[in-house]
$ cat query_3.cif   # mmCIF, C-alpha atoms
data_entry
loop_
_atom_site.label_atom_id
_atom_site.label_comp_id
_atom_site.auth_asym_id
_atom_site.auth_seq_id
_atom_site.Cartn_x
_atom_site.Cartn_y
_atom_site.Cartn_z
CA MET A 1 100.12 80.41 87.74
CA THR A 2 96.78 82.10 88.25
CA ALA A 3 96.67 85.53 89.84
CA HIS A 4 94.76 85.88 93.09
CA ALA A 5 93.65 89.27 94.32
CA GLY A 6 93.54 88.41 98.03
CA GLU A 7 93.63 91.01 100.74
CA ASP A 8 96.01 93.76 99.68
CA SER A 9 96.75 96.77 101.78
CA GLU A 10 96.18 100.11 100.13
CA GLN A 11 99.00 101.65 98.18
CA GLY A 12 99.68 104.57 100.49
CA GLU A 13 99.38 108.26 99.79
CA HIS A 14 101.19 109.07 96.57
CA SER A 15 100.11 110.19 93.14
CA PRO A 16 98.94 107.28 91.01
CA ASN A 17 101.79 107.66 88.51
CA ALA A 18 104.50 108.11 91.18
CA GLY A 19 106.69 109.60 88.46
CA TRP A 20 106.47 106.65 86.06
CA GLY A 21 104.39 108.54 83.48
CA ASP A 22 101.92 111.40 83.77
CA ASP A 23 99.91 110.46 80.68
CA ILE A 24 99.41 106.84 81.68
CA THR A 25 96.17 105.75 83.29
CA TRP A 26 97.18 103.96 86.48
CA VAL A 27 94.94 101.60 88.41
CA GLN A 28 95.09 101.97 92.18
CA THR A 29 95.08 98.35 93.36
CA TYR A 30 96.07 94.91 92.14
CA GLU A 31 92.42 93.83 92.29
CA GLU A 32 91.41 96.74 90.06
CA GLY A 33 94.24 95.87 87.66
CA LEU A 34 93.11 92.25 87.39
CA PHE A 35 89.51 93.34 86.78
CA HIS A 36 90.49 95.77 83.99
CA ALA A 37 92.92 93.30 82.39
CA ARG A 38 90.19 90.70 82.06
CA LYS A 39 87.54 93.21 80.99
CA SER A 40 89.68 95.02 78.39
CA ASN A 41 91.66 91.96 77.20
CA LYS A 42 94.91 93.86 77.86
CA PRO A 43 97.87 92.62 79.90
CA LEU A 44 98.47 94.06 83.35
CA MET A 45 102.00 95.40 83.92
CA VAL A 46 102.92 95.54 87.61
CA ILE A 47 105.89 97.67 88.65
CA HIS A 48 107.12 97.01 92.20
CA HIS A 49 109.27 99.85 93.52
CA LEU A 50 110.18 101.90 96.59
CA GLU A 51 110.67 105.65 96.87
CA ASP A 52 114.02 105.36 98.65
CA CYS A 53 115.47 102.81 96.22
CA GLN A 54 118.14 104.39 94.00
CA TYR A 55 117.76 101.63 91.40
CA CYS A 56 114.01 102.22 91.24
CA GLN A 57 114.53 105.97 90.84
CA ALA A 58 117.03 105.47 88.02
CA LEU A 59 114.71 103.06 86.21
CA LYS A 60 111.70 105.33 86.74
CA LYS A 61 113.52 108.31 85.23
CA GLU A 62 114.37 106.40 82.04
CA PHE A 63 110.96 104.68 81.91
CA ALA A 64 109.21 108.07 82.04
CA LYS A 65 111.44 109.46 79.25
CA ASN A 66 111.10 106.48 76.88
CA GLU A 67 108.47 107.38 74.29
CA GLU A 68 107.92 103.84 73.04
CA ILE A 69 107.35 102.50 76.57
CA GLN A 70 105.08 105.42 77.46
CA GLU A 71 103.00 104.94 74.31
CA MET A 72 102.55 101.19 74.87
CA ALA A 73 101.80 101.77 78.56
CA GLN A 74 99.13 104.32 77.65
CA ASN A 75 97.47 102.32 74.89
CA ASP A 76 98.13 98.60 75.26
CA PHE A 77 98.47 97.82 78.97
CA ILE A 78 96.67 98.12 82.26
CA MET A 79 99.31 99.78 84.45
CA LEU A 80 99.93 99.45 88.18
CA ASN A 81 102.83 100.60 90.29
CA LEU A 82 103.09 99.25 93.82
CA MET A 83 105.20 100.30 96.77
CA HIS A 84 104.09 97.27 98.77
CA GLU A 85 103.89 93.56 98.17
CA THR A 86 100.61 91.90 97.28
CA THR A 87 99.38 88.69 98.86
CA ASP A 88 99.71 87.02 95.43
CA LYS A 89 102.88 84.95 95.73
CA ASN A 90 102.87 84.52 91.94
CA LEU A 91 104.06 88.13 91.71
CA SER A 92 107.24 87.26 93.62
CA PRO A 93 108.29 83.88 92.19
CA ASP A 94 111.97 84.51 92.94
CA GLY A 95 111.73 86.93 95.86
CA GLN A 96 110.40 90.31 96.89
CA TYR A 97 112.99 92.70 95.50
CA VAL A 98 112.67 96.05 93.76
CA PRO A 99 112.52 97.20 91.10
CA ARG A 100 110.55 94.25 89.75
CA ILE A 101 108.26 94.25 86.71
CA MET A 102 105.79 91.44 86.16
CA PHE A 103 103.13 90.89 83.51
CA VAL A 104 99.69 89.33 84.07
CA ASP A 105 97.70 88.32 81.00
CA PRO A 106 93.94 88.85 80.61
CA SER A 107 93.26 85.24 81.64
CA LEU A 108 94.81 86.38 84.96
CA THR A 109 97.92 84.24 84.52
CA VAL A 110 101.11 85.74 85.90
CA ARG A 111 103.61 85.47 83.05
CA ALA A 112 106.65 84.15 84.89
CA ASP A 113 108.11 83.36 81.45
CA ILE A 114 108.65 87.06 80.63
CA THR A 115 111.97 87.81 82.29
CA GLY A 116 114.80 90.31 82.19
CA ARG A 117 118.51 89.58 81.78
CA TYR A 118 119.55 88.71 85.34
CA SER A 119 119.46 85.11 86.50
CA ASN A 120 119.54 86.07 90.19
CA ARG A 121 116.66 88.57 89.85
CA LEU A 122 114.59 87.47 86.90
CA TYR A 123 112.15 90.39 86.82
CA THR A 124 114.41 93.35 87.50
CA TYR A 125 115.49 95.89 84.91
CA GLU A 126 118.19 98.55 84.98
CA PRO A 127 118.00 101.76 82.92
CA ARG A 128 120.26 100.19 80.26
CA ASP A 129 117.77 97.30 79.98
CA LEU A 130 114.93 99.40 78.56
CA PRO A 131 115.27 97.88 75.06
CA MET A 132 114.72 94.47 76.68
CA LEU A 133 111.71 95.83 78.59
CA VAL A 134 110.28 97.15 75.30
CA ASP A 135 110.78 93.70 73.77
CA ASN A 136 109.11 92.07 76.78
CA MET A 137 106.15 94.43 76.58
CA LYS A 138 105.77 93.47 72.91
CA LYS A 139 106.13 89.80 73.86
CA ALA A 140 103.33 90.16 76.44
CA LEU A 141 101.10 91.61 73.71
CA ARG A 142 102.04 88.89 71.19
CA LEU A 143 101.35 86.12 73.72
CA ILE A 144 97.84 87.43 74.24
CA GLN A 145 97.14 87.49 70.52
CA SER A 146 98.51 83.98 70.02
CA GLU A 147 97.09 82.32 73.16
CA LEU A 148 93.64 83.84 73.70
#
$ encode --input "query_3.cif" --output "structure tokens"
Amino acid sequence: MTAHAGEDSEQGEHSPNAGWGDDITWVQTYEEGLFHARKSNKPLMVIHHLEDCQYCQALKKEFAKNEEIQEMAQNDFIMLNLMHETTDKNLSPDGQYVPRIMFVDPSLTVRADITGRYSNRLYTYEPRDLPMLVDNMKKALRLIQSEL
């Protein structure tokens, strides 16, 4: 699956980190994320969420507190959080639900093979799933080293 930027609407008026991590450099749009992923040879991590989603808020709170995730997000990933859907259908292979975390490698391939624990929502994570998210972040980094 190749990522396509397409015509995305703007993210809306909120701070770039939206509470996911103050020390992380966040890109503003999916297009910008794809550009920086390719240029820097780092994977793009896309977090789909909504402000009024209790599951998103719970995940965000734990994500922001997790030092290992914050460090990897700061140093090893291009980071994007979206409160809207993109036109890239590869980012919603099993539906448009939140929270949903997808990885895009520097060749601009959406890594549909990096999934969470739930068979009905492959790319969702709950606060108790953060160890799995850490493992998946490491997997995204390993795949780049082994495939590119």
$ residues_near_point --input "query_3.cif" --point "(117.9, 98.5, 86.3)" --cutoff "12 Å" --atoms "all atoms listed in the file" --output "number ranges by chain"
A: 49, 53-63, 97-101, 116-118, 121-133
$ atom_distance --input "query_3.cif" --atom1 "atom CA of Lys139 of chain A" --atom2 "atom CA of Asp23 of chain A"
22.6 Å
$ atom_distance --input "query_3.cif" --atom1 "atom CA of Ile78 of chain A" --atom2 "atom CA of Lys65 of chain A"
18.9 Å
$ residues_around --input "query_3.cif" --residues "Gln96 of chain A" --least-positions-apart "3" --cutoff "10 Å" --atoms "all atoms listed in the file" --output "ChimeraX atom specification"
/A:48,84-86,89,91-93,99-100,121
$ write_last_selection --input "query_3.cif" --atoms "C-alpha atoms" --output "PDB file, in the frame of the given file"
ATOM      1  CA  HIS A  48     107.120  97.010  92.200  1.00  0.00           C
ATOM      2  CA  HIS A  84     104.090  97.270  98.770  1.00  0.00           C
ATOM      3  CA  GLU A  85     103.890  93.560  98.170  1.00  0.00           C
ATOM      4  CA  THR A  86     100.610  91.900  97.280  1.00  0.00           C
ATOM      5  CA  LYS A  89     102.880  84.950  95.730  1.00  0.00           C
ATOM      6  CA  LEU A  91     104.060  88.130  91.710  1.00  0.00           C
ATOM      7  CA  SER A  92     107.240  87.260  93.620  1.00  0.00           C
ATOM      8  CA  PRO A  93     108.290  83.880  92.190  1.00  0.00           C
ATOM      9  CA  PRO A  99     112.520  97.200  91.100  1.00  0.00           C
ATOM     10  CA  ARG A 100     110.550  94.250  89.750  1.00  0.00           C
ATOM     11  CA  ARG A 121     116.660  88.570  89.850  1.00  0.00           C
TER      12      ARG A 121
END
$ resolve_selection --input "query_3.cif" --expression "the PyMOL selection byres ((chain A and resi 114) around 8)" --output "ChimeraX atom specification"
/A:102-103,111-113,115-116,123,136,139-140
$ atom_distance --input "query_3.cif" --atom1 "atom CA of Asn17 of chain A" --atom2 "atom CA of Leu80 of chain A"
8.4 Å
$ residues_near_point --input "query_3.cif" --point "(103.6, 97.8, 88.1)" --cutoff "6 Å" --atoms "all atoms listed in the file" --output "list in words"
Met45, Val46, Ile47, His48, Met79, Leu80, Asn81 and Leu82 of chain A
$ resolve_selection --input "query_3.cif" --expression "the PyMOL selection byres ((chain A and resi 26) around 10)" --output "PyMOL selection string"
chain A and resi 15-18+20-25+27-29+32-33+73-74+77-81
$ closest_residue --input "query_3.cif" --among "A:Ile144, A:Leu34, A:Val110, A:Leu44" --to "Asn75 of chain A" --atoms "all atoms listed in the file"
A:Leu44
$ residues_around --input "query_3.cif" --residues "Pro43 of chain A" --least-positions-apart "6" --cutoff "6 Å" --atoms "all atoms listed in the file" --output "list in words"
Ala37, Phe77, Val104, Asp105 and Pro106 of chain A
$ closest_residue --input "query_3.cif" --among "A:Leu108, A:Gly95, A:Met72, A:Asn90" --to "Phe35 of chain A" --atoms "all atoms listed in the file"
A:Leu108
